Structure formats: structure tokens, C-alpha cells
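Report on the structure given below.
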Amino acid sequence: MGAPSDIILGLDVGTTAAKASLFSLDGVLRLTASREYPLLNPVPGWHVQDPHAVARGVLEAMADAVSRVDAARIVGISISTAMHGLVGLDRELRPVTELLTWADSRAWKQAEVLNEHSTGPRLHHTSGTPTHPMSPLVKLRWIRENQPDLLADTAHWVGLKDWVLAVLTGKVATELSTASGSGMLDMEERAWNPEAIDIAGVRPAQLPPIHDTTDVLPLAPDAAATIGLPSGLPVVVGAGDGPLGNLGTGAMEPGKAGLSIGTSGAVRMVVRTPAVVSGLFCYALTRDTWVAGGAVSNGGMVQRWLTETYARGCDDAEACRRAETIPPGSDGLVMIPYLVAERASLWDAEIRGAFLHVRQAHTPEHFLRAGVEGVAYQLWTILRRVRMINRVEEVRATGGVFRSPLWRDVVAGVLNRPLIVTGAAEGSGLGAAILGARALGIVESLKEGYDLLRGEVEETRVPVTEEARLAYETMHYEVPKLLQRYGRLGADIR
């Protein structure tokens with residue numbers, strides 16, 4: 001057990017920012033420093049990042065956080081990153097490609113071909129990752145078909161987590177959680193799947209060794225000097241941001257689903273053994289704790305687009321206040337919120353967004369509210385599949401959008417479950433710190449780590465109003481049908 005004044009640094013590397021959060025074991029200290037970096041869209045469907053910009057953001061955020069405390073109090077670092085990224089490194093661990101993010105959909109044709117036969121579903125069942133353009137496996141297949149020399153000549157093909165580990169430790173490594181989101185893991189064997197490797201067209205030596213999420217690597221001298229920490233400090237390799245989001249919000253028991261909305265969004269539930277349900281993913285948190293659920297690509301980004309389009313000159317908070325004047329159901333207006341290639345539950349990379357049932361009486365405020373409801377409907381289609389694994393009695397939610405009463409009320413109403421909004425702005429960073437406490441021997445279980453590090457986190461219980469329940473109940477049955485019909489229509493148009 002560490003001393004009460006000891007600190008764990010939980011690093012959360014997301015799609016648009018790196019957040020370095022410090023948690024003291026006595027619960028007194030909780031602070032976060034962050035650095036943003038751009039998500040680039042150089043070609044329609046391509047969503048990439050400069051690996052060097054991400055690395056700078058990581059190091060600067062960590063240095064900023066560390067500068068605010070006595071660095072000698074920090075006993076370890078634990079890492080969360082966004083999943084499904086892909087970047088090529090040379091033998092000196094220098095990037096030779098951009099970072100292809102989860103949102104990159106260039107490989108949609110490759111995914112479509114694999115899913116036309118039994119290969120795609122079989123890979124999903126084996127790895128837990130749907131065969132979709134987000135998957136590093138499918139991205140590698142695209143590179144194999146379009147840049148075969150690059151595929152063959154690149155020394156290492158790694159994910160975002162692995163790139164961060166290379167920056168901090170100088171080692172080529174991945175961990176079970178990130179590997180489980182690659183599409184190339186054999187979940188039963190906890191090892192790379194030979195069939196997937198063959199389909200990707202890579203050599204086994206081009207993929208990093210798979211560590212347990214609680215394994216520890218030493219902080220490299222160069223990174224240590226930049227951050228202001230001692231060389232050799234333990235770096236817990238950590239897990240993916242989705243599984244760690246459940247840990248950070250306390251959604252670790254049967255019947256409790258975790259919901260997070262950032263740029264994207266996801267609904268997830270903890271399972272003790274790998275469980276693959278059609279339309280859902282299954283990713284590792286530890287060797288004996290897995291998280292099943294589904295992710296939407298169009299989460300908080302929809303709010304930003306709505307504000308810019310229908311409430312120009314307002315910020316998101318004011319746009320939401322304007323939308324509160326519209327009744328639940330938006331007077332019949334429905335948004336299909338596919339601004340970028342969508343994932344769960346249709347897994348259709350080419351589907352486009354739309355507003356349906358538009359009438360002359362609809363105002364900009366109607367469009368604002370319909371967009372928020374559209375995202376909530378998408379989350380409902382995932383929740384109804386998660387219920388195939390276990391009952392869902394409450395939803396524990398986190399994310400910046402929930403500062404808005406509109407988002408809280410709409411999501412609670414559409415999901416028709418008690419919604420517990422946690423004030424833990426650190427999100428997956430807190431989950432990383434909890435996992436780090438377990439890895440460093442400070443606590444004996446993840447539950448003990450949660451109780452130790454969560455501190456006095458504010459929680460808001462959002463009731464389901466009768467008006468919202470009645471307005472959205474019919475949509476529980478209509479929206480899945482509507483999405484399926486619209487998906488088929490879009491395919492016919494394409």
C-alpha cells in the first residue's frame with residue numbers, strides 16, 4: 001500500500017487531446033492538464049493525425065501536470081488511449097505514416113468484401129472486433145492492396161497506445177486491450193490470430209508483443225527529462241479508453257452499463273469471459289475482465305455541428321438551452337446523425353446522415369433537439385443489444401455533453417433507465433489510474449482501487465419524466481426499423 005500522499009498519473013490520450021490527471025491516494029489531490037491536437041481530414045473519409053503532434057501533446061500535458069506538484073510524490077504512470085489507431089514505425093521507432101484513427105473509413109470496400117463471406121463474421125467472433133473500416137486489420141488490408149511496398153518495408157505496425165509507449169519507454173509493445181481492438185487477436189488464446197495476420201498481409205514480427213494490461217515498463221531517460229520525472233519510473237501499459245471508461249465511472253457490476261460521450265460515444269457492460277453478440281464489440285480490460293458493447297462515431301461531434309449550423313454565434317450550451325424549448329420528440333422531426341462513417345449498430349461505413357419528416361413549422365430549435373435525440377436513439381439501438389448479455393438496470397454516464405440538462409434529460413428518456421451522471425471529468429484517465437494502482441500493488445482489486453481513487457465525485461441521478469417516456473417509447477420500436485430502411489435506401493442510392 002502506498003503512502004497517502006503518493007500520486008498516480010493517469011494519462012488519457014484521446015482523439016483530440018491528451019489529458020494528464022494526477023490522483024493522490026488520500027483523495028486530496030485531483031488535477032488535470034491537457035493539450036489539444038487536430039484531427040485532419042485531407043481526403044473525404046480519411047481521418048488522420050500527425051503522430052509527432054500527438055507525442056508533443058502527451059509530453060506537454062504530462063510536464064504541465066507534473067510541474068504543479070512535488071514530482072517525487074508520483075509513484076507511477078498508467079495509460080489509456082483511444083482504440084483502433086494504426087501507424088507504421090521504422091526500426092528507430094520513427095513514424096513513417098500518419099496515424100489512421102478509428103474514424104478513418106478509407107477501407108470500407110475491404111470491409112465490405114470480407115463481410116460478403118463468412119470471413120468477416122468469423123474474424124469478429126474470434127477477435128471481438130467487428131470487421132469494419134475502423135479495425136486496424138481492415139486498414140492493413142487497404143494498405144496491402146494500395147501500398148504493398150509500404151506494408152512490407154515498414155518495421156512495425158502499431159496502434160496509438162503502442163506509439164505512446166514507444167515515446168515514453170522506447171519499447172515496441174502493445175497490451176491485451178489494444179490488441180483486442182485490432183481485429184487480429186484470438187480472444188481465447190490471448191495471442192495474434194494467424195488467419196488475421198495472413199489477411200492483413202503482415203509478418204508476425206511486424207506486430208508488437210502483447211503484454212497484460214497490468215504489466216510495467218520503465219520510463220525512458222529522454223521522456224523522463226522532458227516531463228520532469230525520474231528515469232525508470234514505472235509505466236503501467238494500461239488499456240483502451242472504452243474499457244477504462246467503465247472502470248472510471250464505476251460501471252463494473254452486472255446490471256450497470258457504462259455510457260460515455262466525447263467526440264464519439266459508446267455503451268458498454270463488463271463481462272467475465274469474452275462474449276460476442278452480433279453488432280457489438282468485446283474488448284479486454286484485464287485477462288479475466290472484458291467489456292462488451294457498441295460505439296457510435298457520431299457523438300459529441302454532432303452537437304458541435306448542430307451548433308455551427310443551426311445556432312451560429314452561440315456556444316454549445318446556449319444552443320442546447322434554445323433546444324429545450326421544443327417538446328420531446330421534436331414534433332416528429334428525426335435526425336439520422338451520421339456525419340462520419342458510423343459504427344454500431346448498423347456498422348455501415350458509407351451511410352449518410354439525414355433529417356426525416358421535415359415540415360414547414362420546424363424551426364432551427366427543432367433541428368437542434370432532433371440532433372441530440374438522434375444520437376440518443378443510436379445509443380438505444382446498442383443498449384437493446386447489450387440487454388441480450390444481461391439486464392440493464394442503470395446507466396452510469398460521463399462526458400462533457402452531460403453538463404447540459406437537455407442531453408441528460410434526452411438520454412435518460414430515450415434509454416428509459418435511471419441515468420447516473422458522474423462528475424469525473426477525468427473519465428478514462430481515472431480508470432487508468434485505478435488499473436495502475438492495481439498493477440503497482442497499491443490495491444488488491446479494481447473495486448478497491450475505485451473506492452480509493454474516485455474521491456468525492458459528484459453524481460447526479462437523472463429521472464425519466466413521464467412526458468419523455470411517453471414521447472420516446474414508440475421510437476424504441478420505430479427507430480431501429482427506420483435506421484434499417486434508411487440504410488437499405490442509402491445502399492440503393494450508392
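In the C-alpha cells, the first chain shown is A, the next is B, and so on; residue numbers restart at 1 for each chain, and ligands run from 1 in the order shown.
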Given only C-alpha atoms, how would the per-residue table for region 128-182 of chain A near region 94-106 of chain A read, listing every residue at most 8 Å away with its closest atom pair and distance in Å to one decimal, sorted by chain and number, as a Markdown table?
| residue | atom | partner | partner_atom | distance |
| --- | --- | --- | --- | --- |
| A:Pro133 | CA | A:Ser105 | CA | 5.1 |
| A:Met134 | CA | A:Trp102 | CA | 4.7 |
| A:Ser135 | CA | A:Trp102 | CA | 7.3 |
| A:Lys139 | CA | A:Arg106 | CA | 7.8 |
| A:Trp142 | CA | A:Arg106 | CA | 7.8 |
| A:Thr154 | CA | A:Val96 | CA | 7.6 |
| A:Leu160 | CA | A:Leu99 | CA | 7.5 |
Mind writing the picked residues with all heavy atoms as a compact mmCIF listing (two decimals), in the first residue's frame?
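Generated output (selection.txt):
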# COMPACT_ATOMS: atom_id res chain seq x y z
N PRO A 133 -14.21 -0.67 -41.27
CA PRO A 133 -13.05 0.15 -41.61
C PRO A 133 -12.27 0.70 -40.42
O PRO A 133 -11.09 1.03 -40.55
CB PRO A 133 -13.66 1.29 -42.42
CG PRO A 133 -14.89 0.72 -43.01
CD PRO A 133 -15.42 -0.24 -41.99
N MET A 134 -12.90 0.81 -39.24
CA MET A 134 -12.18 1.29 -38.05
C MET A 134 -11.08 0.32 -37.64
O MET A 134 -10.09 0.71 -37.04
CB MET A 134 -13.13 1.46 -36.87
CG MET A 134 -13.61 0.14 -36.29
SD MET A 134 -14.56 0.33 -34.78
CE MET A 134 -14.75 -1.42 -34.33
N SER A 135 -11.26 -0.97 -37.96
CA SER A 135 -10.36 -2.02 -37.47
C SER A 135 -8.97 -1.91 -38.10
O SER A 135 -8.85 -1.83 -39.32
CB SER A 135 -10.96 -3.39 -37.79
OG SER A 135 -10.00 -4.41 -37.64
N LYS A 139 -7.69 -1.80 -42.08
CA LYS A 139 -6.80 -0.74 -42.55
C LYS A 139 -5.54 -1.33 -43.19
O LYS A 139 -5.07 -0.87 -44.24
CB LYS A 139 -6.40 0.18 -41.39
CG LYS A 139 -7.52 1.05 -40.83
CD LYS A 139 -6.98 1.91 -39.70
CE LYS A 139 -7.96 2.95 -39.20
NZ LYS A 139 -8.97 2.38 -38.28
N TRP A 142 -6.24 -2.56 -46.56
CA TRP A 142 -6.25 -1.46 -47.54
C TRP A 142 -4.84 -1.11 -47.96
O TRP A 142 -4.56 -0.91 -49.16
CB TRP A 142 -6.93 -0.24 -46.93
CG TRP A 142 -7.07 0.92 -47.89
CD1 TRP A 142 -8.12 1.18 -48.70
CD2 TRP A 142 -6.10 1.95 -48.13
NE1 TRP A 142 -7.89 2.32 -49.44
CE2 TRP A 142 -6.65 2.81 -49.11
CE3 TRP A 142 -4.84 2.23 -47.62
CZ2 TRP A 142 -5.97 3.93 -49.58
CZ3 TRP A 142 -4.16 3.35 -48.09
CH2 TRP A 142 -4.72 4.18 -49.06
N THR A 154 7.82 -1.61 -43.83
CA THR A 154 7.71 -0.95 -42.53
C THR A 154 8.03 -1.93 -41.41
O THR A 154 7.48 -3.04 -41.37
CB THR A 154 6.29 -0.37 -42.35
OG1 THR A 154 6.06 0.61 -43.36
CG2 THR A 154 6.12 0.26 -40.98
N LEU A 160 -2.24 3.46 -31.51
CA LEU A 160 -1.97 4.70 -30.78
C LEU A 160 -1.33 4.40 -29.43
O LEU A 160 -0.37 5.07 -29.03
CB LEU A 160 -3.27 5.49 -30.60
CG LEU A 160 -3.20 6.74 -29.73
CD1 LEU A 160 -2.17 7.74 -30.24
CD2 LEU A 160 -4.57 7.40 -29.62
Using only C-alpha atoms, tabulate the residues of region 337-428 of chain A lying at most 8 Å from any atom of region 235-254 of chain A, each with its closest atom pair and that distance in Å to one decimal, by chain and increasing residue number, as JSON lines.
{"residue": "A:Asn390", "atom": "CA", "partner": "A:Pro254", "partner_atom": "CA", "distance": 7.0}
{"residue": "A:Arg391", "atom": "CA", "partner": "A:Pro254", "partner_atom": "CA", "distance": 7.6}
{"residue": "A:Val392", "atom": "CA", "partner": "A:Pro254", "partner_atom": "CA", "distance": 7.8}
{"residue": "A:Val395", "atom": "CA", "partner": "A:Ala251", "partner_atom": "CA", "distance": 7.9}
{"residue": "A:Arg396", "atom": "CA", "partner": "A:Ala251", "partner_atom": "CA", "distance": 6.2}
{"residue": "A:Ala397", "atom": "CA", "partner": "A:Thr249", "partner_atom": "CA", "distance": 7.1}
{"residue": "A:Thr398", "atom": "CA", "partner": "A:Thr249", "partner_atom": "CA", "distance": 7.1}
{"residue": "A:Thr422", "atom": "CA", "partner": "A:Thr249", "partner_atom": "CA", "distance": 6.6}
{"residue": "A:Ala424", "atom": "CA", "partner": "A:Thr249", "partner_atom": "CA", "distance": 7.4}
{"residue": "A:Gly427", "atom": "CA", "partner": "A:Gly248", "partner_atom": "CA", "distance": 5.7}
{"residue": "A:Ser428", "atom": "CA", "partner": "A:Gly245", "partner_atom": "CA", "distance": 4.5}
Using C-alpha atoms, can you export the residues from the last selection as a PDB file, in the first residue's frame?
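The resulting file, result.pdb, is shown below:
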ATOM      1  CA  ASN A 390     -27.516  -9.135 -19.174  1.00  0.00           C
ATOM      2  CA  ARG A 391     -30.252  -6.958 -17.765  1.00  0.00           C
ATOM      3  CA  VAL A 392     -29.505  -3.235 -17.666  1.00  0.00           C
ATOM      4  CA  VAL A 395     -26.674   3.557 -16.833  1.00  0.00           C
ATOM      5  CA  ARG A 396     -23.613   5.353 -15.451  1.00  0.00           C
ATOM      6  CA  ALA A 397     -22.660   8.167 -17.785  1.00  0.00           C
ATOM      7  CA  THR A 398     -19.751  10.529 -18.279  1.00  0.00           C
ATOM      8  CA  THR A 422     -20.715  11.150 -12.776  1.00  0.00           C
ATOM      9  CA  ALA A 424     -15.442  12.598 -13.029  1.00  0.00           C
ATOM     10  CA  GLY A 427     -13.021   9.785 -17.391  1.00  0.00           C
ATOM     11  CA  SER A 428     -10.727   7.112 -18.749  1.00  0.00           C
TER      12      SER A 428
END
Nearby residues (only C-alpha atoms) at most 10 Å from region 187-197 of chain A, same-chain spacing under 6 positions excluded, as a ChimeraX atom specification: /A:119,123,125-128,137-138,140-141,176,179-180,203-204,206-212,273-275,282-284,287
Expected answer as a VMD selection string: alpha helix (DSSP H) residues in region 111-296 of chain A: chain A and resid 111 to 115 119 to 127 136 to 146 148 to 153 160 to 169 176 to 180 194 to 200 221 to 227 241 to 249
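Using only C-alpha atoms, the nearest neighbour of Ala111 (chain A) within the list A:His52, A:Arg408, A:His124, A:His132 is A:His132.
Residue neighbourhood of Ala439 (chain A), excluding near-sequence residues (fewer than 2 positions): Gly76, Ser78, Asp212, Thr213, Thr214, Asp215, Val216, Pro234, Val235, Val236, Val237, Gly238, Ala433, Ile434, Leu435, Gly436, Ala437, Gly441, Ile442, Val443, Glu444, Ser445 and Leu446 of chain A, at 10 Å, using only C-alpha atoms.
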Residues just named, written with N, CA, C and O atoms as a PDB file, in the first residue's frame:
ATOM      1  N   GLY A  76       3.954   6.377 -10.192  1.00  0.00           N
ATOM      2  CA  GLY A  76       3.784   5.640 -11.430  1.00  0.00           C
ATOM      3  C   GLY A  76       2.864   6.347 -12.405  1.00  0.00           C
ATOM      4  O   GLY A  76       2.143   7.281 -12.054  1.00  0.00           O
ATOM      5  N   SER A  78       0.038   5.453 -15.615  1.00  0.00           N
ATOM      6  CA  SER A  78      -0.784   4.413 -16.236  1.00  0.00           C
ATOM      7  C   SER A  78      -1.541   5.038 -17.398  1.00  0.00           C
ATOM      8  O   SER A  78      -1.994   6.182 -17.298  1.00  0.00           O
ATOM      9  N   ASP A 212       0.156  -8.097 -20.688  1.00  0.00           N
ATOM     10  CA  ASP A 212      -1.028  -7.901 -19.861  1.00  0.00           C
ATOM     11  C   ASP A 212      -1.199  -6.407 -19.604  1.00  0.00           C
ATOM     12  O   ASP A 212      -0.214  -5.650 -19.564  1.00  0.00           O
ATOM     13  N   THR A 213      -2.431  -5.982 -19.386  1.00  0.00           N
ATOM     14  CA  THR A 213      -2.679  -4.554 -19.187  1.00  0.00           C
ATOM     15  C   THR A 213      -2.051  -4.029 -17.894  1.00  0.00           C
ATOM     16  O   THR A 213      -1.908  -2.814 -17.728  1.00  0.00           O
ATOM     17  N   THR A 214      -1.702  -4.928 -16.986  1.00  0.00           N
ATOM     18  CA  THR A 214      -1.088  -4.525 -15.716  1.00  0.00           C
ATOM     19  C   THR A 214       0.434  -4.644 -15.737  1.00  0.00           C
ATOM     20  O   THR A 214       1.079  -4.435 -14.703  1.00  0.00           O
ATOM     21  N   ASP A 215       1.020  -4.974 -16.886  1.00  0.00           N
ATOM     22  CA  ASP A 215       2.484  -5.050 -16.970  1.00  0.00           C
ATOM     23  C   ASP A 215       3.097  -3.650 -16.879  1.00  0.00           C
ATOM     24  O   ASP A 215       2.446  -2.641 -17.175  1.00  0.00           O
ATOM     25  N   VAL A 216       4.349  -3.602 -16.483  1.00  0.00           N
ATOM     26  CA  VAL A 216       5.048  -2.346 -16.233  1.00  0.00           C
ATOM     27  C   VAL A 216       6.317  -2.262 -17.070  1.00  0.00           C
ATOM     28  O   VAL A 216       7.065  -3.246 -17.172  1.00  0.00           O
ATOM     29  N   PRO A 234       7.921   3.579 -12.994  1.00  0.00           N
ATOM     30  CA  PRO A 234       7.039   2.560 -13.593  1.00  0.00           C
ATOM     31  C   PRO A 234       5.975   3.167 -14.507  1.00  0.00           C
ATOM     32  O   PRO A 234       5.283   4.115 -14.127  1.00  0.00           O
ATOM     33  N   VAL A 235       5.878   2.611 -15.708  1.00  0.00           N
ATOM     34  CA  VAL A 235       4.826   2.979 -16.660  1.00  0.00           C
ATOM     35  C   VAL A 235       3.947   1.749 -16.853  1.00  0.00           C
ATOM     36  O   VAL A 235       4.366   0.757 -17.461  1.00  0.00           O
ATOM     37  N   VAL A 236       2.742   1.778 -16.302  1.00  0.00           N
ATOM     38  CA  VAL A 236       1.788   0.686 -16.480  1.00  0.00           C
ATOM     39  C   VAL A 236       1.205   0.803 -17.886  1.00  0.00           C
ATOM     40  O   VAL A 236       0.690   1.864 -18.268  1.00  0.00           O
ATOM     41  N   VAL A 237       1.288  -0.275 -18.658  1.00  0.00           N
ATOM     42  CA  VAL A 237       0.913  -0.176 -20.073  1.00  0.00           C
ATOM     43  C   VAL A 237      -0.569   0.151 -20.240  1.00  0.00           C
ATOM     44  O   VAL A 237      -0.966   0.765 -21.227  1.00  0.00           O
ATOM     45  N   GLY A 238      -1.414  -0.234 -19.289  1.00  0.00           N
ATOM     46  CA  GLY A 238      -2.795   0.202 -19.292  1.00  0.00           C
ATOM     47  C   GLY A 238      -3.666  -0.483 -20.325  1.00  0.00           C
ATOM     48  O   GLY A 238      -3.347  -1.568 -20.813  1.00  0.00           O
ATOM     49  N   ALA A 433      -5.704   5.257 -13.849  1.00  0.00           N
ATOM     50  CA  ALA A 433      -5.059   5.370 -12.534  1.00  0.00           C
ATOM     51  C   ALA A 433      -5.466   4.222 -11.624  1.00  0.00           C
ATOM     52  O   ALA A 433      -4.643   3.678 -10.872  1.00  0.00           O
ATOM     53  N   ILE A 434      -6.745   3.826 -11.677  1.00  0.00           N
ATOM     54  CA  ILE A 434      -7.214   2.694 -10.867  1.00  0.00           C
ATOM     55  C   ILE A 434      -6.507   1.414 -11.279  1.00  0.00           C
ATOM     56  O   ILE A 434      -6.035   0.631 -10.440  1.00  0.00           O
ATOM     57  N   LEU A 435      -6.421   1.178 -12.603  1.00  0.00           N
ATOM     58  CA  LEU A 435      -5.707  -0.002 -13.085  1.00  0.00           C
ATOM     59  C   LEU A 435      -4.243   0.063 -12.679  1.00  0.00           C
ATOM     60  O   LEU A 435      -3.636  -0.951 -12.311  1.00  0.00           O
ATOM     61  N   GLY A 436      -3.663   1.274 -12.722  1.00  0.00           N
ATOM     62  CA  GLY A 436      -2.277   1.450 -12.305  1.00  0.00           C
ATOM     63  C   GLY A 436      -2.081   1.114 -10.840  1.00  0.00           C
ATOM     64  O   GLY A 436      -1.069   0.510 -10.462  1.00  0.00           O
ATOM     65  N   ALA A 437      -3.026   1.516  -9.986  1.00  0.00           N
ATOM     66  CA  ALA A 437      -2.924   1.200  -8.560  1.00  0.00           C
ATOM     67  C   ALA A 437      -2.918  -0.304  -8.339  1.00  0.00           C
ATOM     68  O   ALA A 437      -2.181  -0.825  -7.483  1.00  0.00           O
ATOM     69  N   GLY A 441       0.517  -2.735  -7.086  1.00  0.00           N
ATOM     70  CA  GLY A 441       0.364  -3.401  -5.797  1.00  0.00           C
ATOM     71  C   GLY A 441      -0.163  -2.506  -4.692  1.00  0.00           C
ATOM     72  O   GLY A 441      -0.134  -2.883  -3.514  1.00  0.00           O
ATOM     73  N   ILE A 442      -0.669  -1.328  -5.057  1.00  0.00           N
ATOM     74  CA  ILE A 442      -1.215  -0.408  -4.058  1.00  0.00           C
ATOM     75  C   ILE A 442      -2.550  -0.930  -3.534  1.00  0.00           C
ATOM     76  O   ILE A 442      -2.885  -0.757  -2.357  1.00  0.00           O
ATOM     77  N   VAL A 443      -3.341  -1.548  -4.410  1.00  0.00           N
ATOM     78  CA  VAL A 443      -4.607  -2.171  -4.021  1.00  0.00           C
ATOM     79  C   VAL A 443      -4.611  -3.602  -4.546  1.00  0.00           C
ATOM     80  O   VAL A 443      -3.845  -3.964  -5.438  1.00  0.00           O
ATOM     81  N   GLU A 444      -5.513  -4.413  -4.001  1.00  0.00           N
ATOM     82  CA  GLU A 444      -5.573  -5.815  -4.395  1.00  0.00           C
ATOM     83  C   GLU A 444      -6.649  -6.097  -5.432  1.00  0.00           C
ATOM     84  O   GLU A 444      -6.674  -7.192  -6.003  1.00  0.00           O
ATOM     85  N   SER A 445      -7.528  -5.146  -5.678  1.00  0.00           N
ATOM     86  CA  SER A 445      -8.596  -5.367  -6.651  1.00  0.00           C
ATOM     87  C   SER A 445      -8.961  -4.045  -7.315  1.00  0.00           C
ATOM     88  O   SER A 445      -8.679  -2.958  -6.790  1.00  0.00           O
ATOM     89  N   LEU A 446      -9.609  -4.134  -8.478  1.00  0.00           N
ATOM     90  CA  LEU A 446     -10.057  -2.932  -9.169  1.00  0.00           C
ATOM     91  C   LEU A 446     -11.129  -2.212  -8.358  1.00  0.00           C
ATOM     92  O   LEU A 446     -11.170  -0.983  -8.329  1.00  0.00           O
TER      93      LEU A 446
END
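In the backbone-derived DSSP annotation, strand (DSSP E or B) within region 281-356 of chain A comprises Phe281, Cys282, Tyr283, Ala284, Leu285, Thr286, Thr289, Trp290, Val291, Ala292, Gly293, Gly294, Ala295, Val296, Val334, Met335, Ile336, Ala354, Phe355 and Leu356 of chain A.
If only C-alpha atoms are the atoms counted, then among A:Leu165, A:Val87, A:Val13, A:Leu93 the closest residue to Val54 (chain A) is A:Val13.
Among the candidates A:Thr178, A:Ser264, A:Ser21, A:Thr81, the one nearest to Thr286 (chain A) when counting only C-alpha atoms is A:Thr178.
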10 Å contact set for Val69 (chain A), only C-alpha atoms, chain neighbours under 5 positions out, as an MDAnalysis selection string: chainID A and resid 7 22 29 31 64 74
Spatial neighbours of Arg352 (chain A), 8 Å, only C-alpha atoms, chain gap at least 6 places, as a ChimeraX atom specification: /A:338-341,490
